[in-house]
file entry-v8.csv (CSV, N, CA and C atoms)
chain,number,residue,atom,x,y,z
D,21,MET,N,10.9,6.0,-13.6
D,21,MET,CA,9.5,6.1,-14.1
D,21,MET,C,8.6,5.4,-13.1
D,22,SER,N,7.5,6.1,-12.8
D,22,SER,CA,6.6,5.6,-11.8
D,22,SER,C,5.7,4.5,-12.4
D,23,ILE,N,5.3,3.6,-11.5
D,23,ILE,CA,4.3,2.5,-12.0
D,23,ILE,C,2.9,3.0,-11.7
D,24,LEU,N,2.7,4.0,-10.9
D,24,LEU,CA,1.4,4.5,-10.6
D,24,LEU,C,1.0,5.7,-11.5
D,25,PRO,N,-0.2,5.8,-11.9
D,25,PRO,CA,-0.7,7.0,-12.6
D,25,PRO,C,-0.5,8.3,-11.8
D,26,GLU,N,-0.3,9.4,-12.5
D,26,GLU,CA,-0.1,10.7,-11.8
D,26,GLU,C,-1.2,11.0,-10.8
D,27,SER,N,-2.5,10.6,-11.1
D,27,SER,CA,-3.6,10.9,-10.2
D,27,SER,C,-3.4,10.1,-8.9
D,28,GLU,N,-2.9,8.9,-8.9
D,28,GLU,CA,-2.7,8.1,-7.8
D,28,GLU,C,-1.5,8.6,-6.9
D,29,LEU,N,-0.4,9.0,-7.6
D,29,LEU,CA,0.7,9.6,-6.9
D,29,LEU,C,0.3,10.9,-6.2
D,30,THR,N,-0.5,11.7,-6.8
D,30,THR,CA,-1.0,13.0,-6.2
D,30,THR,C,-1.9,12.7,-5.0
D,31,TYR,N,-2.8,11.7,-5.1
D,31,TYR,CA,-3.6,11.3,-4.0
D,31,TYR,C,-2.8,10.9,-2.8
D,32,LEU,N,-1.9,10.0,-3.0
D,32,LEU,CA,-1.0,9.5,-1.9
D,32,LEU,C,-0.2,10.6,-1.3
D,33,THR,N,0.3,11.4,-2.1
D,33,THR,CA,1.1,12.6,-1.6
D,33,THR,C,0.3,13.6,-0.8
D,34,ASN,N,-0.9,13.9,-1.4
D,34,ASN,CA,-1.8,14.8,-0.7
D,34,ASN,C,-2.3,14.3,0.7
D,35,LYS,N,-2.4,13.0,0.8
D,35,LYS,CA,-2.8,12.4,2.1
D,35,LYS,C,-1.7,12.3,3.1
D,36,GLY,N,-0.5,12.6,2.6
D,36,GLY,CA,0.7,12.6,3.5
D,36,GLY,C,1.2,11.2,3.8
D,37,LEU,N,0.9,10.3,2.9
D,37,LEU,CA,1.3,8.9,3.1
D,37,LEU,C,2.7,8.7,2.5
D,38,THR,N,3.5,7.9,3.3
D,38,THR,CA,4.9,7.6,2.8
D,38,THR,C,4.7,6.2,2.1
D,39,PHE,N,5.3,6.2,0.9
D,39,PHE,CA,5.1,4.9,0.1
D,39,PHE,C,6.3,4.7,-0.8
D,40,GLU,N,6.5,3.5,-1.2
D,40,GLU,CA,7.5,3.1,-2.2
D,40,GLU,C,6.8,2.3,-3.3
D,41,GLU,N,7.3,2.5,-4.5
D,41,GLU,CA,6.8,1.7,-5.6
D,41,GLU,C,7.9,0.6,-5.9
D,42,ARG,N,7.4,-0.6,-6.2
D,42,ARG,CA,8.3,-1.7,-6.4
D,42,ARG,C,7.9,-2.5,-7.7
D,43,SER,N,8.8,-3.0,-8.4
D,43,SER,CA,8.6,-3.9,-9.6
D,43,SER,C,9.7,-5.0,-9.5
D,44,GLU,N,9.2,-6.2,-9.6
D,44,GLU,CA,10.1,-7.3,-9.6
D,44,GLU,C,9.5,-8.5,-10.4
D,45,GLY,N,10.2,-9.0,-11.4
D,45,GLY,CA,9.7,-10.1,-12.1
D,45,GLY,C,8.4,-9.9,-12.8
D,46,GLY,N,8.1,-8.7,-13.3
D,46,GLY,CA,6.9,-8.3,-13.9
D,46,GLY,C,5.7,-8.0,-13.0
D,47,GLN,N,5.9,-8.2,-11.7
D,47,GLN,CA,4.9,-7.9,-10.7
D,47,GLN,C,5.1,-6.5,-10.2
D,48,HIS,N,4.1,-5.6,-10.1
D,48,HIS,CA,4.2,-4.3,-9.6
D,48,HIS,C,3.4,-4.2,-8.2
D,49,ALA,N,3.9,-3.3,-7.4
D,49,ALA,CA,3.3,-3.2,-6.0
D,49,ALA,C,3.7,-1.8,-5.5
D,50,ILE,N,3.0,-1.4,-4.5
D,50,ILE,CA,3.3,-0.3,-3.7
D,50,ILE,C,3.4,-0.7,-2.2
D,51,ILE,N,4.2,-0.1,-1.4
D,51,ILE,CA,4.3,-0.3,0.0
D,51,ILE,C,3.9,1.0,0.7
D,52,LEU,N,2.9,0.9,1.5
D,52,LEU,CA,2.5,2.0,2.3
D,52,LEU,C,3.3,1.9,3.6
D,53,LYS,N,4.2,2.8,3.8
D,53,LYS,CA,5.1,2.7,5.0
D,53,LYS,C,4.5,3.3,6.2
D,54,ASN,N,4.7,2.6,7.3
D,54,ASN,CA,4.3,3.1,8.6
D,54,ASN,C,2.8,3.6,8.6
D,55,PHE,N,1.9,2.9,8.0
D,55,PHE,CA,0.5,3.3,7.9
D,55,PHE,C,-0.2,3.2,9.2
D,56,GLN,N,-0.7,4.4,9.6
D,56,GLN,CA,-1.4,4.5,10.9
D,56,GLN,C,-2.7,3.7,10.9
D,57,LEU,N,-2.9,2.8,11.9
D,57,LEU,CA,-4.1,2.0,12.1
D,57,LEU,C,-5.0,2.6,13.1
D,58,PRO,N,-6.3,2.2,13.0
D,58,PRO,CA,-7.3,2.8,13.9
D,58,PRO,C,-6.9,2.5,15.4
D,59,LEU,N,-6.9,3.5,16.2
D,59,LEU,CA,-6.5,3.3,17.6
D,59,LEU,C,-7.4,2.3,18.3
D,60,GLY,N,-6.8,1.4,19.1
D,60,GLY,CA,-7.5,0.4,19.9
D,60,GLY,C,-8.1,-0.8,19.2
D,61,ARG,N,-7.9,-0.9,17.8
D,61,ARG,CA,-8.5,-2.0,17.1
D,61,ARG,C,-7.5,-3.1,16.9
D,62,TYR,N,-6.2,-2.8,16.9
D,62,TYR,CA,-5.2,-3.8,16.6
D,62,TYR,C,-4.1,-3.8,17.7
D,63,ASP,N,-3.3,-4.8,17.7
D,63,ASP,CA,-2.2,-4.8,18.7
D,63,ASP,C,-1.0,-4.0,18.3
D,64,GLN,N,-1.1,-3.3,17.1
D,64,GLN,CA,0.0,-2.4,16.7
D,64,GLN,C,-0.7,-1.1,16.4
D,65,GLN,N,0.1,0.0,16.4
D,65,GLN,CA,-0.4,1.3,16.1
D,65,GLN,C,-0.2,1.6,14.6
D,66,SER,N,0.8,1.0,14.0
D,66,SER,CA,1.1,1.2,12.5
D,66,SER,C,1.7,-0.1,11.9
D,67,ALA,N,1.6,-0.1,10.6
D,67,ALA,CA,2.2,-1.3,9.9
D,67,ALA,C,2.5,-0.9,8.5
D,68,ASP,N,3.4,-1.7,7.8
D,68,ASP,CA,3.7,-1.5,6.4
D,68,ASP,C,2.7,-2.4,5.7
D,69,ILE,N,2.1,-1.8,4.6
D,69,ILE,CA,1.1,-2.6,3.8
D,69,ILE,C,1.6,-2.7,2.4
D,70,LEU,N,1.8,-3.9,1.9
D,70,LEU,CA,2.3,-4.2,0.6
D,70,LEU,C,1.0,-4.5,-0.3
D,71,VAL,N,0.7,-3.6,-1.3
D,71,VAL,CA,-0.4,-3.8,-2.1
D,71,VAL,C,0.1,-4.2,-3.5
D,72,LEU,N,-0.3,-5.5,-3.9
D,72,LEU,CA,0.0,-6.0,-5.2
D,72,LEU,C,-0.9,-5.4,-6.3
D,73,LEU,N,-0.3,-4.9,-7.3
D,73,LEU,CA,-1.1,-4.3,-8.4
D,73,LEU,C,-1.2,-5.3,-9.6
D,74,PRO,N,-2.5,-5.6,-10.0
D,74,PRO,CA,-2.7,-6.6,-11.1
D,74,PRO,C,-2.2,-6.0,-12.4
D,75,PRO,N,-2.0,-6.9,-13.4
D,75,PRO,CA,-1.5,-6.5,-14.7
D,75,PRO,C,-2.3,-5.4,-15.3
D,76,GLY,N,-3.6,-5.3,-15.1
D,76,GLY,CA,-4.5,-4.3,-15.8
D,76,GLY,C,-4.7,-3.0,-15.0
D,77,PHE,N,-3.9,-2.9,-13.9
D,77,PHE,CA,-4.0,-1.7,-13.1
D,77,PHE,C,-3.7,-0.4,-13.9
D,78,PRO,N,-4.5,0.6,-13.8
D,78,PRO,CA,-5.5,1.0,-12.9
D,78,PRO,C,-6.9,0.6,-13.3
D,79,ASP,N,-7.1,0.0,-14.5
D,79,ASP,CA,-8.4,-0.5,-14.9
D,79,ASP,C,-8.9,-1.7,-14.1
D,80,ALA,N,-8.0,-2.5,-13.6
D,80,ALA,CA,-8.3,-3.6,-12.8
D,80,ALA,C,-7.9,-3.2,-11.4
D,81,PRO,N,-8.8,-3.3,-10.4
D,81,PRO,CA,-8.4,-2.9,-9.0
D,81,PRO,C,-7.6,-3.9,-8.3
D,82,PRO,N,-6.7,-3.4,-7.3
D,82,PRO,CA,-6.0,-4.3,-6.5
D,82,PRO,C,-6.9,-5.2,-5.7
D,83,ASP,N,-6.5,-6.5,-5.5
D,83,ASP,CA,-7.3,-7.4,-4.7
D,83,ASP,C,-6.4,-8.2,-3.7
D,84,MET,N,-5.1,-7.8,-3.6
D,84,MET,CA,-4.3,-8.6,-2.7
D,84,MET,C,-3.4,-7.7,-1.9
D,85,PHE,N,-3.2,-7.9,-0.6
D,85,PHE,CA,-2.3,-7.1,0.1
D,85,PHE,C,-1.7,-7.9,1.3
D,86,TYR,N,-0.6,-7.5,1.8
D,86,TYR,CA,0.1,-8.1,2.9
D,86,TYR,C,0.4,-7.1,3.9
D,87,ILE,N,0.4,-7.4,5.2
D,87,ILE,CA,0.7,-6.5,6.3
D,87,ILE,C,1.9,-7.0,7.1
D,88,PHE,N,2.8,-6.1,7.5
D,88,PHE,CA,3.9,-6.4,8.4
D,88,PHE,C,4.0,-5.3,9.4
D,89,PRO,N,4.0,-5.6,10.7
D,89,PRO,CA,4.0,-6.9,11.3
D,89,PRO,C,2.6,-7.5,11.3
D,90,TRP,N,2.6,-8.8,11.6
D,90,TRP,CA,1.3,-9.5,11.7
D,90,TRP,C,0.4,-8.7,12.7
D,91,LEU,N,-0.9,-8.6,12.5
D,91,LEU,CA,-1.8,-7.9,13.3
D,91,LEU,C,-2.8,-8.8,14.0
D,92,LYS,N,-3.1,-8.5,15.2
D,92,LYS,CA,-4.2,-9.2,16.0
D,92,LYS,C,-5.2,-8.1,16.4
D,93,THR,N,-6.4,-8.5,16.3
D,93,THR,CA,-7.5,-7.5,16.8
D,93,THR,C,-7.5,-7.5,18.3
D,94,ASN,N,-7.8,-6.4,18.9
D,94,ASN,CA,-7.9,-6.3,20.3
D,94,ASN,C,-9.3,-6.7,20.8
call {"tool": "encode", "arguments": {"input": "entry-v8.csv", "output": "structure tokens"}}
result
Amino acid sequence: MSILPESELTYLTNKGLTFEERSEGGQHAIILKNFQLPLGRYDQQSADILVLLPPGFPDAPPDMFYIFPWLKTN
């Protein structure tokens, strides 16, 4: 069973994004895998982005994310 609404799944798929849905200890999240970053802005070309989904999602918007690897601006 997906933690994302069908419209969100369709959007991510149509954009060609690779992602994983995760649930652990009552916390839901998605991981955008190998997300392409703007060229020349960061010291990496891509990163994985973990987006934490609040309990009221999708009515409550996400407000927390983590990026791996650490990024530095150029």
call {"tool": "atom_distance", "arguments": {"input": "entry-v8.csv", "atom1": "atom N of D:Ile50", "atom2": "atom CA of D:Leu73"}}
result
6.4 Å
call {"tool": "residues_around", "arguments": {"input": "entry-v8.csv", "residues": "D:Ala49", "least_positions_apart": "4", "cutoff": "6 Å", "atoms": "all atoms listed in the file", "output": "list in words"}}
result
Glu40, Glu41, Arg42, Ser43, Val71, Leu72 and Leu73 of chain D
call {"tool": "atom_distance", "arguments": {"input": "entry-v8.csv", "atom1": "atom C of D:Phe39", "atom2": "atom CA of D:Asp79"}}
result
21.0 Å
call {"tool": "select_by_dssp", "arguments": {"input": "entry-v8.csv", "residues": "chain D", "states": "strand (DSSP E)", "output": "VMD selection string"}}
result
chain D and resid 38 to 44 47 to 56 66 to 73 84 to 88
call {"tool": "atom_distance", "arguments": {"input": "entry-v8.csv", "atom1": "atom C of D:Ser22", "atom2": "atom C of D:Gln65"}}
result
27.8 Å
call {"tool": "closest_residue", "arguments": {"input": "entry-v8.csv", "among": "D:Glu26, D:Tyr31, D:Pro74, D:Thr93", "to": "D:Tyr62", "atoms": "all atoms listed in the file"}}
result
D:Thr93
call {"tool": "decode", "arguments": {"input": "entry-v8.csv", "residues": "chain D", "atoms": "C-alpha atoms", "output": "compact mmCIF listing (two decimals), in the first residue's frame"}}
result
# COMPACT_ATOMS: atom_id res chain seq x y z
CA MET D 21 0.00 0.00 0.00
CA SER D 22 1.31 3.41 -0.94
CA ILE D 23 1.68 6.23 1.59
CA LEU D 24 1.30 8.83 -1.17
CA PRO D 25 -2.01 9.77 -2.79
CA GLU D 26 -2.48 8.55 -6.35
CA SER D 27 -2.10 12.10 -7.72
CA GLU D 28 1.33 12.43 -6.05
CA LEU D 29 2.46 9.06 -7.40
CA THR D 30 1.33 10.04 -10.89
CA TYR D 31 3.14 13.39 -10.68
CA LEU D 32 6.45 11.82 -9.57
CA THR D 33 6.20 9.08 -12.19
CA ASN D 34 5.32 11.52 -15.00
CA LYS D 35 8.35 13.66 -14.05
CA GLY D 36 10.55 10.58 -14.43
CA LEU D 37 11.74 10.76 -10.82
CA THR D 38 13.04 7.68 -9.05
CA PHE D 39 11.67 7.50 -5.51
CA GLU D 40 11.05 5.21 -2.56
CA GLU D 41 8.30 5.41 0.01
CA ARG D 42 9.28 4.65 3.61
CA SER D 43 7.41 4.21 6.89
CA GLU D 44 9.07 3.63 10.23
CA GLY D 45 7.77 4.13 13.75
CA GLY D 46 4.68 5.98 12.52
CA GLN D 47 6.77 8.46 10.47
CA HIS D 48 6.26 8.53 6.70
CA ALA D 49 8.73 9.79 4.13
CA ILE D 50 9.75 9.60 0.52
CA ILE D 51 13.28 9.50 -0.84
CA LEU D 52 13.94 11.13 -4.19
CA LYS D 53 16.81 9.04 -5.51
CA ASN D 54 19.66 10.57 -7.52
CA PHE D 55 17.79 13.90 -7.88
CA GLN D 56 19.52 16.07 -10.49
CA LEU D 57 20.64 19.43 -9.08
CA PRO D 58 21.08 22.69 -11.02
CA LEU D 59 24.38 22.63 -12.89
CA GLY D 60 27.12 24.78 -11.40
CA ARG D 61 25.25 25.67 -8.20
CA TYR D 62 26.49 22.89 -5.92
CA ASP D 63 29.57 20.74 -5.51
CA GLN D 64 27.52 17.65 -6.54
CA GLN D 65 25.50 16.96 -9.67
CA SER D 66 22.86 14.87 -7.89
CA ALA D 67 21.76 13.86 -4.41
CA ASP D 68 19.21 11.73 -2.58
CA ILE D 69 16.56 13.85 -0.85
CA LEU D 70 14.60 12.48 2.12
CA VAL D 71 11.29 14.36 2.52
CA LEU D 72 9.54 13.78 5.85
CA LEU D 73 5.75 13.76 5.54
CA PRO D 74 3.79 15.26 8.45
CA PRO D 75 0.91 13.33 10.04
CA GLY D 76 -1.71 15.42 8.20
CA PHE D 77 -0.19 14.91 4.73
CA PRO D 78 -1.44 15.73 2.08
CA ASP D 79 -3.52 18.41 3.84
CA ALA D 80 -0.43 19.49 5.79
CA PRO D 81 2.55 20.24 3.52
CA PRO D 82 6.02 18.78 4.12
CA ASP D 83 8.37 21.13 5.94
CA MET D 84 11.47 19.02 6.59
CA PHE D 85 13.99 17.38 4.28
CA TYR D 86 17.51 15.99 4.38
CA ILE D 87 20.05 15.71 1.57
CA PHE D 88 22.82 13.15 1.07
CA PRO D 89 25.60 13.74 0.34
CA TRP D 90 26.13 17.06 2.07
CA LEU D 91 26.07 19.90 -0.44
CA LYS D 92 28.18 23.03 -0.72
CA THR D 93 27.34 25.92 -2.97
CA ASN D 94 29.88 26.84 -5.63
